[in-house]
Structure formats: structure tokens, C-alpha cells
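Structure, as C-alpha cells:
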Amino acid sequence: MTKASQSTIAIWKNLAPPAANTAAAGGLLKTLLAAQATGSTVQWADVAAVAGVDAGAPKSKQPYWVTLDNEQTKIYDANATVRYLYRVWSLPQGERLSVEQLLEWEEKSLSILPADKELEAIFAAAEPKVAGIRSAEDSDAVSAVDAVLFGSLYYALSNAKDSTLSKYPALRQWYSSLLSSAAVTSVLPAYSANVVNVLVREDATPENRNVNTSIAFNYDPSKTVLPQEGEKNVLITSALPYVNNVPHLGNIIGSTLSADVFARYSRVRGNNTLYICGTDEYGTTTEIKALEENVSCQALCDKYNALHKDVYDWFNLSFDYFGRTTTEKQTEIVQSIFLKCHENGFISEDVMKQPFCETCQRFLADRFVEGTCPRCGYEDARGDQCDKCSGLYNATELINPRCKLDNNTPVVRESRHLFLDLDKLQPKCEAYVNRAAVEGGWPSNGVAITRNWLKEGLRPRCITRDLKWGVPIPLDGFDNKVFYVWFDACIGYPSITANYTDDWEKWWKNPDNVKLYQFMGKDNVPFHTIIFPSTEIATGDNWTFLHHISTCDYLNYESGKFSKSRGVGVFGNNARETGVPSDVWRYYLLASRPETSDTVFTWSDFVSRNNNELLANLGNLCNRVVKFLDGNTKYAGVLPAPEPSRIAAGADTADRRLIDDVNTLLTRYIEQMDGVHIRSGLRTVMDISARGNVYLQESRLDNTLFSEQRAQCDTVLAVAANLIYLLGALLHPFIPATSASIARQLNAPERIITDTFDLELGAGHVIGKAEYLFTRIDEKKIDEWRSRFGGSQNEADASEKKKDKKDKAKSKAKPKPVASAN
């Protein structure tokens with residue numbers, strides 16, 4: 001190319017310096033390099049500093065523009081400046097056309113690609129264009145094409161890895177040649193001083209991680225879990241929910257969600273864990289509901305089993321297996337257990353006085369009869385148990401009994417039944433309770449309920465009912481009866497496990513290697529601490545007995561109880577309809593878990609906990625750290641190395657104090673969760689998060705810290721990122737979707753919970769992109785949701801009137817047929 005004429009140009013600074021990965025920065029480099037290569041003089045001027053220029057200057061959003069010798073001609077396009085400096089128009093026609101074609105290609109194709117994102121596309125496009133445009137003889141010469149392409153490609157090339165550039169040998173040779181030229185060497189300092197350096201943000205991949213892989217949490221739900229020798233084997237059950245309705249929030253926190261938290265905690269602590277649950281489908285409750293819906297018992301069970309599973313899936317409950325009790329395995333195991341109890345002399349026969357409805361012509365088992373509780377006076381007590389005082393009794397003890405089907409007053413008749421002789425089993429049962437309550441750390445309410453039963457003295461308990469829907473009795477003379485649901489319901493745990501694996505006895509008959517944890521509401525305690533253990537004792541088999549029982553009191557709704565019929569309260573399907581993520585629901589329920597006394601769900605508290613705890617505490621900590629690291633003007637997603645002296649044991653620094661405080665809180669968390677103090681454990685996690693926020697404030701993490709105290713800033717981010725990684729693991733039992741999001745943002749595998757807080761993410765680790773963990777809930781939603789799910793007194797009154805009218809109609813109606821079992 002013919003040497004261009006020398007010129008004098010002025011570069012006017014109009015705005016703040018551009019980022020190095022922008023077209024404006026590339027244009028500045030083109031201009032500087034073209035001026036240097038053509039021997040032209042560059043003068044710098046600042047628009048804001050020169051009197052009179054600003055008022056008359058054209059309005060421009062460009063950070064720079066160029067004026068020529070006469071100071072009247074202004075050029076805003078860098079390629080036009082290059083054309084001017086090289087006097088491209090004066091070149092011979094063939095050479096001029098060749099240059100213009102390359103410049104036009106750069107303008108239309110290359111410059112539109114984002115230099116920090118499409119490296120492979122940029123290099124692939126440039127490779128054939130640069131081949132042969134520089135000769136070895138004139139290595140210091142810089143042509144107009146060199147200047148333009150170098151300006152466009154410099155940011156991408158200077159940040160590319162050798163492994164990437166090696167794929168493009170022509171481009172690599174061209175860049176290397178220009179980089180060592182006198183012109184480029186001369187202009188790069190001025191260029192760097194007038195742009196904002198921007199690092200290339202690598203995509204987060206497993207390949208650019210630097211993480212301690214030994215702490216990765218590996219859980220494959222598709223694999224069958226069996227006890228392992230030498231490991232801590234944990235078997236977890238939650239009370240089997242009845243299939244007569246959709247579970248409400250109180251049902252969910254009372255058993256299934258609480259058990260899920262402990263199962264997730266156990267797994268993330270590295271324990272070999274199995275979590276079993278399923279629907280309880282036999283008994284009077286099913287028959288009554290089937291009659292109400294005019295379907296068979298089996299059809300009803302199929303419907304509600306699916307509804308329950310759908311609700312639990314939305315709440316992200318991690319059952320290893322969710323089954324049901326209407327299975328062949330249930331019949332087989334229940335009958336086997338009964339026959340062993342019978343053979344061992346713990347089953348007796350007796351004639352039992354029982355309510356009989358002369359209109360229906362049937363004995364009224366359990367919930368087919370209602371009346372006033374003989375213990376507390378509650379007027380709507382069931383035939384076998386009072387919902388108010390949890391008292392258990394025989395149906396004939398009810399005051400003012402009434403048939404649930406037609407509202408008639410039943411008479412008392414005799415019926416032959418089978419009894420489990422709990423009186424004979426009390427000595428062994430009581431010895432077991434005394435031992436297990438201490439070893440398993442039973443909660444006070446569970447111990448109190450159990451000891452009250454034992455103190456009153458155990459009596460033979462009827463285990464059969466005059467029903468059709470249930471497990472048949474394998475004895476002659478009892479063809480028209482089935483097992484009482486609370487004899488066979490707890491046996492549902494092993495039978496559901498048997499449907500999960502043929503090796504179910506490795507879990508249920510392995511007391512030396514398995515610890516059994518069971519979760520339920522307080523009304524279910526006696527069945528799990530007395531009746532089921534006594535049944536196991538009566539068989540003579542080597543059963544895995546209950547190790548720890550976790551009980552909940554009641555969760556009430558606003559000012560009363562949940563009521564599906566009156567539209568009061570939030571049920572499982574309603575929670576999804578609000579549009580609030582399941583993790584927020586999980587958090588609220590667990591933070592309000594009724595562990596020692598009844599608690600109340602309120603919408604104002606629900607919204608407050610989301611906005612002031614999840615969003616302001618946890619969400620703020622994670623977002624602040626990840627976004628600071630993600631910025632490509634600072635770290636470009638690459639975790640820095642901490643200064644060793646700042647985190648060393650005994651160091652008097654904010655960083656070391658944070659590490660020590662977190663370790664204290666971590667020890668407390670593990671103790672709480674090992675003891676199944678779930679609400680306290682969650683509170684401690686949030687305390688750790690709050691301590692992290694205090695650390696960021698004390699450290700004054702901001703741009704000034706980055707620019708003026710880089711080593712301290714690096715340490716703060718290294719420690720804070722690792723704290724967030726630990727928090728993700730601690731949160732996994734409670735809000736698993738949030739935990740997974742934290743792992744994605746950090747580009748790290750989900751991890752186990754270790755005994756101590758250590759920096760598991762190392763220097764050079766590339767994090768992922770920031771995600772919002774939570775969003776603010778508008779407080780206007782409080783009244784909207786309260787109105788939607790609160791029912792009304794008018795609706796309640798109308799419901800009661802409708803019920804009275806229906807009851808009167810029933811008293812005049814003919815008896816209804818019993819729901820079919822098929």
C-alpha cells in the first residue's frame with residue numbers, strides 16, 4: 001500500500017471512557033493505530049474542558065469524535081477516519097477495491113458480533129480474511145486493513161485462550177505479527193488509558209470449576225436404597241394421610257413436610273436414608289366418603305391417592321416411595337403379623353356391645369357414629385376418637401350417639417370381635433418406651449401422651465370392625481369383618497416398603513443397623529408408641545422399633561380451624577393457585593412449625609416472612625455477592641484467592657471472626673437437626689445468613705474496596721462465596737429449589753453438610769449467572785388472599801343450615817346402600 005500523507009487530528013473526549021469490549025473502544029484503537037502507522041499527529045481534547053466548544057458541538061452519544069486539520073470537519077466513524085488518514089481514495093483502483101471490500105466486510109459482518117461472547121464465531125469469520133494480508137518482509141508495516149481489523153479483534157484476541165487461538169493458525173500468526181510491531185506497541189498504552197478494562201466472562205461449565213469434589217452431594221432417587229453395613233442407616237416415615245380429602249397446610253406440616261426436611265437433612269449429612277409414605281385407604285372414613293361421592297371405595301382411593309401425590313410433588317417432597325395400603329402386600333403382611341400374635345397368645349375373642357342402626361340394618365363402626373365425647377364433652381366426637389381432646393374410647397361410650405348416615409339414634413347390640421391383649425404386653429411395651437424415649441430423645445408432648453396411656457393401664461383393644469372395606473380376617477367365623485384401620489394402618493409402613501423392595505425386611509427387621517424416625521400429629525402418638533410397638537412385640541420377630549418420634553401440635557388458620565366445607569384455610573391445591581413458589585410455602589410452614597404448642601397461619605405473617613426474611617436477608621446476601629463477582633469490569637465471574645493472613649486461625653480480622661462465628665452456629669445447627677428440632681434449625685440457618693450480611697457491611701464491600709484495597713476485597717468475596725455455598729447445603733432440607741439455585745449460581749455441585757465451615761471453592765473457580773431467589777409480595781395480596789380463603793360467617797351459617805336440612809331429610813329417608821368395595 002502507498003504510504004499515506006501525514007496529518008494532524010484531534011480526538012475529542014465527549015463522554016466517560018467506553019468499556020474495552022464495545023465498538024467505541026475498538027474504534028478508538030483503529031484511529032490511534034492508523035495515525036501512528038501513517039505518521040500523523042494526534043492531539044487530545046476534552047469537550048467539557050474547552051470553552052465554547054460544548055455549546056456549538058453537535059449533540060452526540062459517542063464517547064469520542066475526530067476533527068481534522070482545519071478543525072471544522074468532524075468525523076464520528078472510526079473507519080472513515082482510517083480512510084482519511086490512509087487516503088484510501090487515492091490508491092490504485094485494484095488496491096482500493098480490495099481495501100474497501102475488506103473494510104465493508106468488517107463493518108457489515110465482524111463488528112456486529114459481541115466481542116466478549118461469540119469468540120468462536122468471530123475467529124472463524126476472520127481466519128480466511130487475514131490470511132496473506134501481511135508479508136514477512138515488512139513486519140512493521142500496518143495497512144488500513146490491519147488497523148481496522150486489529151481494532152475490531154483486539155479485545156477478543158487479547159482475552160482468548162491459547163487452546164482457542166490454536167484452531168485458527170492464520171489469525172494467530174497475523175495477530176502475533178501485529179502485536180510485536182512498533183505501531184501497535186506505541187499506541188496500546190494510550191488506548192488502555194482511555195478505555196475501561198473489561199474481562200472476558202467465561203461460560204460456567206464443570207471444566208472451569210475449582211471445587212472440593214469430595215463434598216459433592218450424590219443422591220440418585222432412581223436407585224433402590226437398602227441398609228449398608230458400617231453406615232448410618234436411617235428409616236423415615238410420615239403418618240399415612242387418609243384419602244378422604246385434599247390435605248391442608250396443617251396436615252402437610254404435621255407429618256409429610258416435616259419428615260421430608262429430616263430425610264433431606266439425613267441424606268445431605270451423608271446418611272443412608274429411606275423415606276416412605278403413602279395413603280391410608282381402608283376403614284370407615286373411606287366408606288363414608290365413597291357414599292357421599294356415590295363411587296366405589298376403590299375409585300375413591302384411586303382419585304385421592306393421585307390428588308395427594310400431586311400436592312406433595314408440588315411441595316417438592318422427596319419420598320423414596322409413595323405408596324398406598326390397598327395392596328396385596330398389605331393384606332399379606334397384616335395377616336401374617338396377626339396370625340403370629342394369635343399363635344403367641346396375644347389375641348382374644350369377646351362379645352362387644354356396639355351401636356346398631358335399625359334403619360340401616362348394620363353395626364356402626366368407628367366414624368359411622370358420632371356423638372358427645374364422654375371425656376371432654378365435645379359434641380361432634382367420632383365413634384373411636386375425639387378430635388378435640390384426642391381421647392380414645394368405645395363407640396358405646398358416646399353420649400347422645402347418632403348414625404352418621406341417617407341421623408337416627410342407634411341401639412346397642414352384641415357383636416363378636418378380636419382383641420389385641422395390650423394388658424399382657426404392657427410390661428415389655430413400657431420397658432421399650434422407657435428406653436427409647438431417652439435414647440431417641442422423644443419430644444415432651446410425645447412422652448407425656450404415651451406415659452398417660454401407660455399410667456392408666458393398657459387394656460385389650462378391639463382390632464376388628466363390622467365393615468367390608470379393609471383387610472380380611474384370616475380366621476373362621478369372621479368372614480363379615482375386617483381389621484380395624486388402626487391395627488393395620490401402621491403396618492402400612494412395612495407393606496409400602498415391601499412394594500418398594502422385596503428386601504423390605506432389611507429395613508424393618510434390622511434393629512442393630514437401622515434407626516427408625518416417625519413423624520405425625522400429636523393425635524397419632526399412641527398408635528406409634530404403644531399399639532404398633534406392642535403388636536411388633538407380640539409377633540416375637542426381631543423388628544426395627546421406633547427410635548425417635550417427632551410430633552406436631554395443630555396449625556390453625558387465622559382465627560379458627562381449616563374447613564374444606566366452609567372454604568376456610570389453604571389446602572394443598574390452593575397454595576399452588578396463589579402463584580407463590582413452593583419454597584416460600586415450605587419456609588413459612590417450617591418457620592411456624594407447631595413443635596411445642598399450636599400455632600396460627602396468618603397472611604400478614606406469610607407476606608412479612610417472604611419480604612423481610614427470605615428476600616431481605618437470604619436473597620440480599622446471595623444476590624449481592626454473586627453480582628459483584630459476575631461484573632466483567634471486576635472479576636468476570638472468577639473467584640479470587642483470599643489473603644492467607646486474613647483467614648488464618650487466630651487472626652484478628654473480620655474475615656476470621658466470620659469463619660469462627662459460622663462454625664459456632666454450624667455446630668448448633670447440626671445438634672438441632674440431629675435432635676429433630678426443625679424450626680430451631682431453620683432459625684439458625686437464617687442467623688448464619690444474617691451474620692453474612694453483617695460481614696459484608698463491616699467489610700464495606702463496594703467499588704472503592706475493589707479499587708483501593710484489592711487484597712481485602714478478594715478475601716471478602718472468597719469467604720462470602722463459600723459461605724453462600726455452605727448456606728445452600730444448610731437450606732437444602734428446608735427450601736430445596738432455592739438450594740439448587742444457589743448451586744447453579746455458583747457453578748458448583750450441590751454439597752453435603754460438613755462439620756466445619758471451610759473454603760471449598762478455590763481461586764480461579766468460575767461462577768454461574770445471578771438468579772433472583774425470591775421476589776417481593778405486594779402487601780395488597782394480604783387482604784385479597786384473606787378474603788379468598790377465609791370463608792365468611794354468612795357462608796358458615798348457610799353451611800350449617802344446609803347441614804341441618806340435610807340431616808332432617810336423612811332421618812326420613814330410606815337407608816342407603818353401603819359403598820361397594822369394588
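Residues in the C-alpha cells are named by chain (A, B, ... in the order shown) and by number from 1 within that chain; ligands are numbered from 1 in the order shown.
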Open item on the list: So that I can check the secondary structure, give me every residue of range 343-373 of chain A assigned strand (DSSP E or B) by backbone DSSP, as number ranges by chain.
Closed with: A: 347-357, 362-363, 369-372
- [ ] From the DSSP assignment of the backbone, select every residue of range 282-377 of chain A that is alpha helix (DSSP H), and format the answer as a count of residues only.
- [x] 44
- [ ] Return the single residue from A:Thr22, A:Asn197, A:Thr326, A:Thr41 that is closest to Leu153 in chain A, with distances computed using only C-alpha atoms.
- [x]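 Under the stated criterion, the closest residue is A:Thr22.
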- [ ] Give the answer as one residue: which of A:Ser495, A:Thr67, A:Gln101, A:Thr256 has the shortest atom-to-atom distance to Ala45 in chain A, using only C-alpha atoms?
- [x] A:Thr67
TODO: Please identify all polymer residues within 12 Å of Asp502 in chain A, counting only C-alpha atoms, omitting same-chain residues fewer than 4 positions from it, and present them as a ChimeraX atom specification.
DONE: /A:224-226,329,494-498,506-508
Just all heavy atoms for this one: save the residues we selected as an mmCIF file, in the first residue's frame.
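Generated file (result_15.cif):
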data_model
loop_
_atom_site.group_PDB
_atom_site.id
_atom_site.type_symbol
_atom_site.label_atom_id
_atom_site.label_comp_id
_atom_site.auth_asym_id
_atom_site.auth_seq_id
_atom_site.Cartn_x
_atom_site.Cartn_y
_atom_site.Cartn_z
ATOM 1 N N THR A 224 -32.577 -48.102 44.228
ATOM 2 C CA THR A 224 -33.197 -48.669 45.428
ATOM 3 C C THR A 224 -32.244 -48.538 46.604
ATOM 4 O O THR A 224 -31.070 -48.914 46.517
ATOM 5 C CB THR A 224 -33.544 -50.153 45.203
ATOM 6 O OG1 THR A 224 -34.451 -50.258 44.096
ATOM 7 C CG2 THR A 224 -34.195 -50.751 46.437
ATOM 8 N N VAL A 225 -32.761 -47.997 47.698
ATOM 9 C CA VAL A 225 -31.941 -47.771 48.890
ATOM 10 C C VAL A 225 -32.123 -48.941 49.846
ATOM 11 O O VAL A 225 -33.244 -49.271 50.234
ATOM 12 C CB VAL A 225 -32.340 -46.464 49.593
ATOM 13 C CG1 VAL A 225 -31.416 -46.199 50.781
ATOM 14 C CG2 VAL A 225 -32.310 -45.297 48.621
ATOM 15 N N LEU A 226 -31.016 -49.559 50.234
ATOM 16 C CA LEU A 226 -31.026 -50.648 51.212
ATOM 17 C C LEU A 226 -29.999 -50.342 52.295
ATOM 18 O O LEU A 226 -29.018 -49.627 52.052
ATOM 19 C CB LEU A 226 -30.690 -51.978 50.538
ATOM 20 C CG LEU A 226 -31.725 -52.538 49.553
ATOM 21 C CD1 LEU A 226 -31.190 -53.788 48.881
ATOM 22 C CD2 LEU A 226 -33.046 -52.839 50.272
ATOM 23 N N LYS A 329 -49.601 -56.765 49.201
ATOM 24 C CA LYS A 329 -48.550 -56.820 50.236
ATOM 25 C C LYS A 329 -49.117 -56.425 51.603
ATOM 26 O O LYS A 329 -48.755 -57.007 52.622
ATOM 27 C CB LYS A 329 -47.393 -55.898 49.860
ATOM 28 C CG LYS A 329 -46.556 -56.363 48.692
ATOM 29 C CD LYS A 329 -45.724 -57.585 49.046
ATOM 30 C CE LYS A 329 -44.788 -57.969 47.910
ATOM 31 N NZ LYS A 329 -44.030 -59.204 48.206
ATOM 32 N N PRO A 494 -44.330 -50.950 56.739
ATOM 33 C CA PRO A 494 -43.554 -52.045 56.145
ATOM 34 C C PRO A 494 -44.152 -52.564 54.842
ATOM 35 O O PRO A 494 -43.413 -52.969 53.936
ATOM 36 C CB PRO A 494 -43.543 -53.133 57.234
ATOM 37 C CG PRO A 494 -44.587 -52.756 58.210
ATOM 38 C CD PRO A 494 -44.747 -51.270 58.129
ATOM 39 N N SER A 495 -45.494 -52.554 54.703
ATOM 40 C CA SER A 495 -46.063 -53.089 53.459
ATOM 41 C C SER A 495 -45.764 -52.172 52.277
ATOM 42 O O SER A 495 -45.531 -52.636 51.155
ATOM 43 C CB SER A 495 -47.577 -53.295 53.596
ATOM 44 O OG SER A 495 -48.318 -52.124 53.339
ATOM 45 N N ILE A 496 -45.777 -50.860 52.489
ATOM 46 C CA ILE A 496 -45.401 -49.930 51.419
ATOM 47 C C ILE A 496 -43.933 -50.111 51.073
ATOM 48 O O ILE A 496 -43.554 -50.083 49.895
ATOM 49 C CB ILE A 496 -45.710 -48.476 51.844
ATOM 50 C CG1 ILE A 496 -47.231 -48.263 51.886
ATOM 51 C CG2 ILE A 496 -45.067 -47.478 50.889
ATOM 52 C CD1 ILE A 496 -47.651 -46.935 52.485
ATOM 53 N N THR A 497 -43.106 -50.332 52.094
ATOM 54 C CA THR A 497 -41.693 -50.624 51.838
ATOM 55 C C THR A 497 -41.546 -51.915 51.038
ATOM 56 O O THR A 497 -40.685 -52.025 50.156
ATOM 57 C CB THR A 497 -40.912 -50.740 53.157
ATOM 58 O OG1 THR A 497 -41.199 -49.609 53.981
ATOM 59 C CG2 THR A 497 -39.418 -50.800 52.902
ATOM 60 N N ALA A 498 -42.413 -52.901 51.318
ATOM 61 C CA ALA A 498 -42.365 -54.174 50.585
ATOM 62 C C ALA A 498 -42.746 -53.986 49.123
ATOM 63 O O ALA A 498 -42.279 -54.737 48.256
ATOM 64 C CB ALA A 498 -43.299 -55.190 51.250
ATOM 65 N N LYS A 506 -34.912 -56.018 55.421
ATOM 66 C CA LYS A 506 -33.595 -55.480 55.758
ATOM 67 C C LYS A 506 -33.726 -54.114 56.441
ATOM 68 O O LYS A 506 -32.814 -53.692 57.161
ATOM 69 C CB LYS A 506 -32.738 -55.372 54.501
ATOM 70 C CG LYS A 506 -32.324 -56.719 53.923
ATOM 71 C CD LYS A 506 -31.417 -56.555 52.714
ATOM 72 C CE LYS A 506 -30.976 -57.914 52.176
ATOM 73 N NZ LYS A 506 -30.083 -57.781 50.991
ATOM 74 N N TRP A 507 -34.848 -53.443 56.193
ATOM 75 C CA TRP A 507 -35.141 -52.195 56.881
ATOM 76 C C TRP A 507 -35.939 -52.429 58.173
ATOM 77 O O TRP A 507 -35.631 -51.847 59.210
ATOM 78 C CB TRP A 507 -35.925 -51.245 55.977
ATOM 79 C CG TRP A 507 -35.100 -50.562 54.934
ATOM 80 C CD1 TRP A 507 -35.082 -50.803 53.585
ATOM 81 C CD2 TRP A 507 -34.161 -49.504 55.156
ATOM 82 N NE1 TRP A 507 -34.196 -49.972 52.956
ATOM 83 C CE2 TRP A 507 -33.615 -49.161 53.889
ATOM 84 C CE3 TRP A 507 -33.732 -48.810 56.289
ATOM 85 C CZ2 TRP A 507 -32.666 -48.154 53.742
ATOM 86 C CZ3 TRP A 507 -32.778 -47.807 56.144
ATOM 87 C CH2 TRP A 507 -32.252 -47.487 54.888
ATOM 88 N N TRP A 508 -36.941 -53.281 58.091
ATOM 89 C CA TRP A 508 -37.911 -53.388 59.180
ATOM 90 C C TRP A 508 -37.609 -54.477 60.195
ATOM 91 O O TRP A 508 -38.232 -54.522 61.262
ATOM 92 C CB TRP A 508 -39.314 -53.580 58.613
ATOM 93 C CG TRP A 508 -39.830 -52.291 58.043
ATOM 94 C CD1 TRP A 508 -39.827 -51.906 56.730
ATOM 95 C CD2 TRP A 508 -40.388 -51.205 58.776
ATOM 96 N NE1 TRP A 508 -40.341 -50.646 56.605
ATOM 97 C CE2 TRP A 508 -40.707 -50.187 57.854
ATOM 98 C CE3 TRP A 508 -40.658 -50.980 60.133
ATOM 99 C CZ2 TRP A 508 -41.270 -48.973 58.236
ATOM 100 C CZ3 TRP A 508 -41.220 -49.775 60.520
ATOM 101 C CH2 TRP A 508 -41.519 -48.784 59.572
#
What are the closest atom pairs, with distances in Å to one decimal, for all residues of range 160-256 of chain A lying within 9 Å of range 736-748 of chain A? Consider only C-alpha atoms, order rows by chain and residue number, and present the result as CSV.
residue,atom,partner,partner_atom,distance
A:Ala204,CA,A:Asn747,CA,6.1
A:Thr205,CA,A:Asn747,CA,6.9
A:Pro206,CA,A:Asn747,CA,7.4
A:Asn208,CA,A:Asn747,CA,9.0
A:Arg209,CA,A:Asn747,CA,7.1
A:Asn210,CA,A:Ala748,CA,8.7
A:Val211,CA,A:Ala748,CA,7.1
A:Ala216,CA,A:Ala748,CA,8.7
Restricting the output to N, CA and C atoms, write the selected residues as a PDB file, in the first residue's frame.
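Contents of the output file again02.pdb:
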ATOM      1  N   ALA A 204     -19.952 -20.621  32.555  1.00  0.00           N
ATOM      2  CA  ALA A 204     -19.709 -21.548  33.660  1.00  0.00           C
ATOM      3  C   ALA A 204     -19.919 -22.977  33.191  1.00  0.00           C
ATOM      4  N   THR A 205     -18.933 -23.799  33.366  1.00  0.00           N
ATOM      5  CA  THR A 205     -19.011 -25.213  32.992  1.00  0.00           C
ATOM      6  C   THR A 205     -18.345 -26.056  34.077  1.00  0.00           C
ATOM      7  N   PRO A 206     -18.606 -27.354  34.077  1.00  0.00           N
ATOM      8  CA  PRO A 206     -17.890 -28.213  35.040  1.00  0.00           C
ATOM      9  C   PRO A 206     -16.381 -28.170  34.851  1.00  0.00           C
ATOM     10  N   ASN A 208     -14.461 -25.539  34.203  1.00  0.00           N
ATOM     11  CA  ASN A 208     -13.742 -24.420  34.812  1.00  0.00           C
ATOM     12  C   ASN A 208     -14.124 -24.209  36.276  1.00  0.00           C
ATOM     13  N   ARG A 209     -14.482 -25.296  36.924  1.00  0.00           N
ATOM     14  CA  ARG A 209     -14.698 -25.276  38.367  1.00  0.00           C
ATOM     15  C   ARG A 209     -13.385 -25.498  39.106  1.00  0.00           C
ATOM     16  N   ASN A 210     -13.300 -24.960  40.297  1.00  0.00           N
ATOM     17  CA  ASN A 210     -12.228 -25.317  41.230  1.00  0.00           C
ATOM     18  C   ASN A 210     -12.901 -25.548  42.575  1.00  0.00           C
ATOM     19  N   VAL A 211     -13.387 -26.764  42.775  1.00  0.00           N
ATOM     20  CA  VAL A 211     -14.190 -27.068  43.948  1.00  0.00           C
ATOM     21  C   VAL A 211     -13.747 -28.405  44.529  1.00  0.00           C
ATOM     22  N   ALA A 216     -19.212 -33.299  47.313  1.00  0.00           N
ATOM     23  CA  ALA A 216     -20.381 -33.269  46.423  1.00  0.00           C
ATOM     24  C   ALA A 216     -21.477 -34.178  46.977  1.00  0.00           C
TER      25      ALA A 216
END
Open item on the list: Using only C-alpha atoms, which protein or nucleic acid residues come within 10 Å of Trp585 in chain A? Drop anything in the same chain fewer than 2 positions from it, and give the result as a PyMOL selection string.
Closed with: chain A and resi 249+315+575-576+580-583+587-591+606+610+735
Open item on the list: Residues within 10 Å of Gly323 in chain A, please, as an MDAnalysis selection string. Count only C-alpha atoms; anything in the same chain fewer than 5 positions from it doesn't count.
Closed with: chainID A and resid 240 276:280 305 309 492:493 495:500
